[in-house]
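Asks: Dropping in structure_0.txt, which is compact mmCIF, C-alpha atoms:
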```
# COMPACT_ATOMS: atom_id res chain seq x y z
CA MET A 1162 0.00 0.00 0.00
CA ASN A 1163 1.34 3.37 -0.97
CA TYR A 1164 1.92 5.67 1.97
CA ARG A 1165 -0.02 8.37 0.17
CA ILE A 1166 -3.10 6.22 0.32
CA ILE A 1167 -2.67 5.92 4.09
CA TYR A 1168 -2.52 9.70 4.37
CA ILE A 1169 -5.60 10.06 2.25
CA ILE A 1170 -7.48 7.53 4.32
CA ILE A 1171 -6.53 9.28 7.53
CA PHE A 1172 -7.46 12.63 6.02
CA LEU A 1173 -10.80 11.28 4.86
CA ILE A 1174 -11.57 9.80 8.24
CA PHE A 1175 -10.76 13.13 9.83
CA CYS A 1176 -12.82 15.04 7.30
CA ALA A 1177 -15.73 12.70 7.60
CA GLN A 1178 -15.69 12.99 11.31
CA THR A 1179 -15.61 16.77 11.30
CA SER A 1180 -17.80 17.27 8.26
CA PHE A 1181 -20.66 14.97 9.06
CA ALA A 1182 -20.74 15.84 12.70
CA GLN A 1183 -20.52 19.55 11.78
CA GLN A 1184 -18.20 20.06 14.68
CA PRO A 1185 -16.53 23.43 14.92
CA PHE A 1186 -12.81 23.37 14.43
CA THR A 1187 -10.12 25.77 15.44
CA PHE A 1188 -6.74 26.58 14.06
CA ALA A 1189 -3.84 25.99 16.33
CA LYS A 1190 -3.52 29.23 18.36
CA THR A 1191 -0.76 30.86 20.31
CA ASP A 1192 -2.34 33.10 23.01
CA GLU A 1193 -5.66 34.73 23.52
CA PRO A 1194 -5.70 38.40 22.42
CA VAL A 1195 -5.44 40.85 25.30
CA SER A 1196 -8.64 42.74 26.06
CA VAL A 1197 -8.18 46.49 25.69
CA TRP A 1198 -11.04 47.24 28.03
CA LYS A 1199 -9.74 44.95 30.74
CA ALA A 1200 -6.28 46.48 30.40
CA LEU A 1201 -7.68 50.01 30.63
CA ALA A 1202 -9.85 49.05 33.60
CA TRP A 1203 -6.83 47.57 35.37
CA ASP A 1204 -4.92 50.75 34.61
CA ILE A 1205 -7.15 52.69 37.00
CA LEU A 1206 -4.93 51.16 39.67
CA PRO A 1207 -1.39 52.59 39.78
CA GLY A 1208 0.57 50.57 37.21
CA GLY A 1209 -2.26 48.03 36.89
CA GLY A 1210 -2.66 48.20 33.13
CA HIS A 1211 1.05 47.86 32.53
CA ILE A 1212 1.34 44.88 34.85
CA TYR A 1213 -1.62 43.33 33.00
CA THR A 1214 0.20 43.77 29.68
CA GLY A 1215 3.53 42.74 31.13
CA TYR A 1216 5.36 46.07 30.81
CA TYR A 1217 6.72 46.20 34.32
CA GLU A 1218 9.08 49.14 33.85
CA TYR A 1219 6.15 51.26 32.66
CA ALA A 1220 4.16 49.94 35.61
CA ALA A 1221 6.81 51.20 38.03
CA ILE A 1222 6.98 54.64 36.40
CA PHE A 1223 3.24 55.17 36.15
CA ALA A 1224 2.60 53.71 39.60
CA GLY A 1225 5.04 56.28 41.00
CA LEU A 1226 3.46 59.10 39.02
CA LYS A 1227 -0.08 58.16 39.95
CA ILE A 1228 0.63 57.74 43.65
CA SER A 1229 2.46 61.09 43.66
CA GLY A 1230 -0.38 62.64 41.69
CA VAL A 1231 -3.05 61.48 44.10
CA TYR A 1232 -0.95 62.69 46.99
CA ALA A 1233 -0.52 66.05 45.23
CA ILE A 1234 -4.31 66.40 44.92
CA TYR A 1235 -4.75 65.61 48.60
CA TYR A 1236 -1.90 67.92 49.57
CA TYR A 1237 -3.15 70.89 47.54
CA TYR A 1238 -6.73 70.31 48.65
CA ASN A 1239 -5.52 70.65 52.23
CA TYR A 1240 -3.32 73.60 51.30
CA TRP A 1241 -6.23 75.35 49.62
CA HIS A 1242 -8.37 75.00 52.75
CA TYR A 1243 -5.43 76.06 54.88
CA ARG A 1244 -4.87 79.27 52.86
CA GLY A 1245 -8.61 79.89 52.98
CA SER A 1246 -8.63 79.64 56.76
CA LEU A 1247 -5.70 82.08 56.99
CA TYR A 1248 -7.49 84.52 54.70
CA ARG A 1249 -10.75 84.36 56.66
CA SER A 1250 -8.96 84.64 59.97
CA ALA A 1251 -6.93 87.67 58.80
CA LYS A 1252 -10.02 89.33 57.39
CA LYS A 1253 -11.91 88.88 60.63
CA ALA A 1254 -8.96 90.07 62.72
CA ASN A 1255 -8.37 93.15 60.55
CA GLN A 1256 -12.00 94.07 60.97
CA ALA A 1257 -11.81 93.56 64.72
CA ILE A 1258 -8.45 95.20 65.42
CA ASP A 1259 -8.32 98.15 63.04
CA PRO A 1260 -10.85 98.28 60.21
CA GLU A 1261 -9.52 101.60 58.86
CA HIS A 1262 -6.06 100.24 58.06
CA ASP A 1263 -4.76 97.33 56.05
CA LEU A 1264 -2.86 95.43 58.71
CA LEU A 1265 0.09 93.21 57.95
CA PHE A 1266 -0.33 89.74 59.44
CA LYS A 1267 2.47 87.27 59.92
CA ASP A 1268 2.28 84.56 57.29
CA PRO A 1269 3.31 81.15 58.71
CA GLU A 1270 5.20 80.60 55.46
CA GLY A 1271 7.28 83.71 56.06
CA GLY A 1272 6.90 87.46 55.81
CA TYR A 1273 3.81 89.55 56.35
CA LYS A 1274 0.67 89.89 54.26
CA THR A 1275 -2.35 92.14 54.11
CA VAL A 1276 -5.82 90.61 53.89
CA LYS A 1277 -5.81 91.29 50.15
CA GLU A 1278 -2.50 89.45 49.76
CA PHE A 1279 -3.88 86.54 51.79
CA GLY A 1280 -6.74 86.51 49.31
CA TYR A 1281 -4.28 86.25 46.42
CA ALA A 1282 -2.46 83.41 48.17
CA TYR A 1283 -5.82 81.68 48.65
CA ASP A 1284 -6.54 82.03 44.93
CA ARG A 1285 -3.10 80.68 44.07
CA ALA A 1286 -3.71 77.66 46.30
CA ALA A 1287 -6.97 77.03 44.42
CA HIS A 1288 -5.01 77.16 41.16
CA TYR A 1289 -2.46 74.67 42.50
CA PHE A 1290 -5.30 72.34 43.43
CA THR A 1291 -6.83 72.68 39.97
CA LEU A 1292 -3.45 72.11 38.33
CA SER A 1293 -2.88 68.97 40.42
CA ILE A 1294 -6.19 67.59 39.12
CA VAL A 1295 -5.26 68.48 35.54
CA ALA A 1296 -1.82 66.89 35.99
CA ASN A 1297 -3.45 63.71 37.31
CA ALA A 1298 -5.81 63.61 34.37
CA ALA A 1299 -2.83 64.01 32.03
CA ILE A 1300 -0.97 61.18 33.78
CA TYR A 1301 -4.00 58.89 33.55
CA VAL A 1302 -4.59 59.67 29.90
CA THR A 1303 -0.91 59.11 29.08
CA SER A 1304 -0.91 55.84 30.98
CA TRP A 1305 -4.07 54.70 29.20
CA LEU A 1306 -2.58 55.61 25.83
CA PHE A 1307 0.55 53.58 26.57
CA THR A 1308 -1.60 50.68 27.79
CA TRP A 1309 -3.73 50.84 24.66
CA TYR A 1310 -0.62 50.97 22.47
CA HIS A 1311 0.91 48.00 24.28
CA VAL A 1312 -2.29 45.98 23.91
CA GLN A 1313 -2.33 46.71 20.17
CA ASP A 1314 1.32 45.75 19.96
CA ILE A 1315 0.72 42.48 21.79
CA ASN A 1316 -2.36 41.56 19.76
CA GLU A 1317 -0.56 42.18 16.47
CA ASN A 1318 1.91 39.49 17.35
CA ARG A 1319 -0.67 36.97 18.38
CA GLN A 1320 -2.42 34.61 15.92
CA PRO A 1321 -6.12 35.11 16.01
CA THR A 1322 -8.35 32.20 16.77
CA TYR A 1323 -10.74 31.17 14.00
CA VAL A 1324 -13.72 29.02 14.62
CA GLY A 1325 -15.70 27.70 11.69
CA PHE A 1326 -17.27 24.72 9.97
CA ASN A 1327 -15.90 22.72 7.06
CA ASP A 1328 -17.56 21.09 4.08
CA PHE A 1329 -15.70 18.43 2.12
CA THR A 1330 -16.45 17.07 -1.33
CA VAL A 1331 -14.61 13.92 -2.45
CA THR A 1332 -14.54 13.07 -6.18
CA THR A 1333 -12.53 10.79 -8.48
CA ASP A 1334 -11.70 11.38 -12.13
CA LYS A 1335 -11.17 9.00 -15.04
CA GLN A 1336 -7.55 8.50 -14.11
CA ARG A 1337 -8.75 7.28 -10.72
CA THR A 1338 -7.25 10.29 -9.05
CA MET A 1339 -9.07 11.30 -5.91
CA TRP A 1340 -9.84 15.01 -5.40
CA VAL A 1341 -10.85 16.54 -2.18
CA ALA A 1342 -12.41 19.99 -2.10
CA CYS A 1343 -12.63 21.79 1.18
CA THR A 1344 -14.75 24.83 1.96
CA MET A 1345 -14.42 26.58 5.26
CA ARG A 1346 -16.60 29.22 6.70
CA TRP A 1347 -15.99 31.28 9.80
CA MET B 1089 16.19 44.30 52.86
CA ASN B 1090 14.25 42.58 55.57
CA LEU B 1091 10.65 43.19 56.49
CA LYS B 1092 11.48 45.28 59.54
CA ILE B 1093 13.48 47.82 57.56
CA LYS B 1094 10.83 47.92 54.87
CA SER B 1095 8.16 48.58 57.52
CA ILE B 1096 10.23 51.40 59.03
CA ILE B 1097 10.74 53.00 55.59
CA LEU B 1098 7.02 52.73 54.85
CA PHE B 1099 6.13 54.23 58.21
CA LEU B 1100 8.59 57.12 57.69
CA ALA B 1101 7.23 57.75 54.20
CA ILE B 1102 3.66 57.91 55.49
CA ALA B 1103 4.71 60.12 58.41
CA LEU B 1104 6.55 62.47 56.04
CA ALA B 1105 3.63 62.59 53.62
CA THR B 1106 1.07 63.33 56.33
CA GLY B 1107 3.42 65.66 58.20
CA CYS B 1108 3.70 67.91 55.15
CA LEU B 1109 -0.03 68.53 55.10
CA HIS B 1110 -1.43 71.86 56.31
CA GLU B 1111 -4.25 71.91 58.78
CA PRO B 1112 -6.69 74.86 58.56
CA VAL B 1113 -6.23 77.43 61.30
CA ASP B 1114 -8.82 78.58 63.77
CA GLU B 1115 -10.98 81.63 62.94
CA ASP B 1116 -9.35 83.57 65.77
CA TYR B 1117 -5.83 82.64 64.75
CA TYR B 1118 -4.96 86.24 63.82
CA ASN B 1119 -6.91 87.81 66.63
CA ASP B 1120 -3.57 88.15 68.37
CA ILE B 1121 -1.64 91.40 68.27
CA SER B 1122 1.69 89.55 68.31
CA LYS B 1123 0.90 88.28 64.80
CA VAL B 1124 0.38 91.84 63.51
CA LYS B 1125 3.39 93.65 62.11
CA GLY B 1126 4.09 96.64 64.31
CA GLY B 1127 2.05 95.33 67.21
CA GLN B 1128 0.14 98.17 68.83
CA LYS B 1129 -0.41 101.19 66.62
CA PRO B 1130 1.42 104.43 67.44
CA THR B 1131 -0.22 107.72 68.23
CA PRO B 1132 -0.21 110.58 65.71
CA PRO B 1133 1.60 113.94 65.87
CA VAL B 1134 -0.32 116.71 67.61
CA ASP B 1135 -0.98 120.42 67.36
CA LEU B 1136 -0.57 120.82 63.64
CA SER B 1137 -0.45 124.30 62.21
CA ILE B 1138 0.26 125.71 58.78
CA ASN B 1139 1.61 128.88 57.36
CA ILE B 1140 1.21 129.58 53.64
CA ILE B 1141 3.44 132.03 51.81
CA GLU B 1142 2.47 132.18 48.16
CA HIS B 1143 2.48 128.46 47.22
CA THR B 1144 4.79 127.19 49.93
CA ILE B 1145 3.15 125.54 52.89
CA THR B 1146 5.06 125.33 56.14
CA LEU B 1147 3.61 122.63 58.35
CA GLN B 1148 4.45 122.54 62.02
CA PHE B 1149 3.71 119.65 64.35
CA TYR B 1150 4.66 118.34 67.77
CA THR B 1151 5.88 114.85 68.61
CA ASP B 1152 7.73 115.33 71.89
CA LYS B 1153 4.91 116.81 73.94
CA LEU B 1154 4.27 115.21 77.25
CA GLY B 1155 0.95 114.38 78.77
CA ASN B 1156 0.90 113.08 82.34
CA GLY B 1157 4.67 112.75 82.12
CA ASN B 1158 4.53 110.52 79.04
CA LEU B 1159 5.03 111.26 75.38
CA ILE B 1160 1.81 111.95 73.53
CA THR B 1161 3.24 110.76 70.18
CA TYR B 1162 4.83 107.40 70.72
CA ASP B 1163 4.86 103.73 69.81
CA PRO B 1164 3.26 101.68 72.64
CA ASP B 1165 5.52 98.72 71.81
CA THR B 1166 8.72 100.67 72.49
CA GLY B 1167 7.42 103.47 74.68
CA SER B 1168 9.28 106.05 72.59
CA ASN B 1169 8.95 107.81 69.26
CA GLU B 1170 12.48 107.26 68.00
CA ASN B 1171 11.39 104.59 65.55
CA LEU B 1172 8.49 106.59 64.15
CA TYR B 1173 7.93 108.07 60.72
CA TYR B 1174 5.49 110.94 60.21
CA LEU B 1175 3.37 110.82 57.10
CA VAL B 1176 1.81 113.90 55.55
CA TYR B 1177 -1.43 113.89 53.59
CA ILE B 1178 -2.98 116.72 51.63
CA SER B 1179 -6.27 117.19 49.87
CA ALA B 1180 -8.22 119.87 48.07
CA GLU B 1181 -11.39 118.21 49.22
CA ASN B 1182 -12.58 118.34 52.79
CA PRO B 1183 -11.85 114.90 54.25
CA ALA B 1184 -14.87 115.28 56.49
CA ASN B 1185 -16.82 114.48 53.32
CA PHE B 1186 -14.96 111.24 52.67
CA THR B 1187 -17.42 108.40 52.21
CA ASP B 1188 -14.90 105.87 53.51
CA PRO B 1189 -12.67 106.54 56.55
CA LYS B 1190 -9.96 104.48 54.86
CA LEU B 1191 -9.47 107.38 52.43
CA TYR B 1192 -7.65 109.29 55.18
CA TYR B 1193 -4.80 106.85 54.60
CA ASP B 1194 -5.15 106.50 50.86
CA ILE B 1195 -2.07 106.78 48.69
CA ARG B 1196 -3.73 109.40 46.48
CA TYR B 1197 -3.56 111.98 49.31
CA TYR B 1198 -0.13 110.97 50.53
CA VAL B 1199 2.62 113.58 50.08
CA GLY B 1200 5.65 112.10 51.84
CA TYR B 1201 7.20 111.32 55.18
CA VAL B 1202 9.86 112.44 57.61
CA ALA B 1203 11.47 110.36 60.36
CA GLU B 1204 11.76 111.34 63.98
CA THR B 1205 15.49 110.86 63.62
CA ASP B 1206 15.57 113.48 60.84
CA PHE B 1207 15.09 116.12 63.52
CA GLU B 1208 17.18 117.19 66.44
CA GLU B 1209 16.31 115.33 69.62
CA ASP B 1210 13.60 116.82 71.80
CA VAL B 1211 13.13 119.85 69.56
CA ASP B 1212 9.54 120.87 68.99
CA PRO B 1213 7.74 122.03 66.96
CA LYS B 1214 9.05 120.14 63.95
CA THR B 1215 8.66 121.73 60.55
CA VAL B 1216 8.24 120.47 57.02
CA THR B 1217 7.62 122.50 53.87
CA ILE B 1218 5.42 121.53 50.97
CA GLN B 1219 5.55 123.22 47.60
CA ILE B 1220 2.20 123.53 45.85
CA SER B 1221 1.80 124.05 42.12
CA SER B 1222 1.57 127.76 41.35
CA SER B 1223 -1.47 127.14 39.18
CA TYR B 1224 -3.50 125.91 42.14
CA HIS B 1225 -5.80 128.27 43.96
CA GLY B 1226 -8.25 127.00 46.50
CA PRO B 1227 -8.59 125.22 49.81
CA VAL B 1228 -6.01 122.80 51.18
CA TYR B 1229 -6.57 120.29 53.93
CA LEU B 1230 -3.65 118.64 55.72
CA TRP B 1231 -3.37 115.87 58.23
CA MET B 1232 -0.65 113.56 59.52
CA THR B 1233 -0.12 110.08 60.85
CA SER B 1234 2.71 108.18 62.53
CA HIS B 1235 4.10 104.89 61.28
CA ASP B 1236 6.27 102.45 63.21
CA GLY B 1237 7.31 100.37 60.20
CA GLY B 1238 4.38 98.03 60.65
CA ARG B 1239 1.33 99.94 61.66
CA GLU B 1240 0.00 103.39 60.97
CA SER B 1241 -1.62 105.53 63.62
CA ASP B 1242 -5.01 107.12 63.41
CA HIS B 1243 -4.89 110.45 61.62
CA SER B 1244 -4.23 113.68 63.42
CA THR B 1245 -6.69 116.50 63.48
CA VAL B 1246 -7.23 117.96 60.02
CA ILE B 1247 -6.11 121.54 59.47
CA SER B 1248 -7.06 123.64 56.52
CA SER B 1249 -6.18 126.85 54.78
CA TYR B 1250 -6.70 128.61 51.51
CA ILE B 1251 -4.28 129.42 48.71
CA PRO B 1252 -5.44 132.66 47.05
```
Show the structure stored in the file as structure tokens.

Replies:
Amino acid sequence: MNYRIIYIIIFLIFCAQTSFAQQPFTFAKTDEPVSVWKALAWDILPGGGHIYTGYYEYAAIFAGLKISGVYAIYYYYNYWHYRGSLYRSAKKANQAIDPEHDLLFKDPEGGYKTVKEFGYAYDRAAHYFTLSIVANAAIYVTSWLFTWYHVQDINENRQPTYVGFNDFTVTTDKQRTMWVACTMRW
Amino acid sequence: MNLKIKSIILFLAIALATGCLHEPVDEDYYNDISKVKGGQKPTPPVDLSINIIEHTITLQFYTDKLGNGNLITYDPDTGSNENLYYLVYISAENPANFTDPKLYYDIRYYVGYVAETDFEEDVDPKTVTIQISSSYHGPVYLWMTSHDGGRESDHSTVISSYIP
């Protein structure tokens, strides 16, 4: 028996089994594609998205930036309230001590300030707080962009998984040559 | 690095991070004269008088007068007037008509200042001269204050005259 006949028989048995049973088949696959949405969701945590995609150096950098960023928001939120309390206290004291003059009050951060200058410092603190929020948003967006890019990069290098059904037609010609036609849909 | 050292570093980092935070101050935080530059406000010069010759005003004032054995013009924080500056204000408008008492100390009426140390010790009255534009004809109102480098006194009595 020719070895080619053995191959054909095996192939036919395989085809018959899959074709008549209409079982789905899959190509051999490497890894599952990485989900962008899962990666982005993980990236809400400091470095989470980068750990999920396996970019640990990015994870360390963005984890550091995000933790610092959140701390900066908390710090400037407190600082804003602190400057506000100084402003209100100075305003009240100026009114109580000498309303006709702009008194100079000792600023705990150094020097002396009038009530108006305390007001400016209060406004500046509000700006710092706003900027810390903007900076955090920028860090998150940058981190998400890197995560998205890394996911795309990973998925490009991974073979997609195809699932479909086959349909075989076996014919023979006058020269007794067997032909097998295969149609796949997925 | 063992766990103990790691725990100490973490604790120090948290302590540093929380220690840097600012806590809001109490509403009465500045209701304390020691937190006001200049402390107590000084008292103003007294007994102002003016003499106008053409458009030159000669302003006389007293700062070394005694009342009950104490100086009348002085800084309560030092008990003397050696650290005081005397500010001169002038207006063509009667300050009695000012809508806001703060205008007595407004920069727009401020002419200049002299220091107590610019004069000979214990010599009164002290004199300053002010040159008015020759085109001006009308009333002039003058008043003075003292300044200790931090706080300004209440204004002196306002004196007035007329430039014909």

Asks: Give me the residues within 12 Å of segment 1203-1217 of chain B as an MDAnalysis selection string, counting only C-alpha atoms and dropping any in the same chain fewer than 5 places off.

Replies: chainID B and resid 1133:1141 1143:1154 1159 1161:1163 1168:1176 1232:1237

Asks: Could you check the closest approach to chain B for each of A:Asn1297, A:Ser1304, A:Thr1275, A:Thr1338 and tell me which residue wins, using all atoms listed in the file?

Replies: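 Residue with the minimum atom-to-atom distance to chain B: A:Thr1275.
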
Asks: Within 12 Å of chain B, which residues of chain A are there when counting all atoms listed in the file? Please give them as a VMD selection string.

Replies: chain A and resid 1228 to 1229 1231 to 1276 1286

Asks: Please check which residues have atoms at most 12 Å from (2.5, 61.4, 37.4) in the file's coordinates, counting only C-alpha atoms, and write them as a ChimeraX atom specification.

Replies: /A:1207-1208,1219-1234,1293-1304

Asks: Record the distance separating atom CA of Gly1215 of chain A and atom CA of Trp1203 of chain A, expressed in Å with one decimal.

Replies: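 We find that atom CA of Gly1215 of chain A and atom CA of Trp1203 of chain A lie 12.2 Å from each other.
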
Asks: For the atom pair atom CA of Val1228 of chain B and atom CA of Ile1195 of chain B, what is the interatomic distance in Å to one decimal place?

Replies: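 We find that atom CA of Val1228 of chain B and atom CA of Ile1195 of chain B lie 16.7 Å from each other.
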
Asks: Which value, in Å to one decimal, gives the distance between atom CA of Pro1194 of chain A and atom CA of Tyr1216 of chain A?

Replies: 15.9 Å
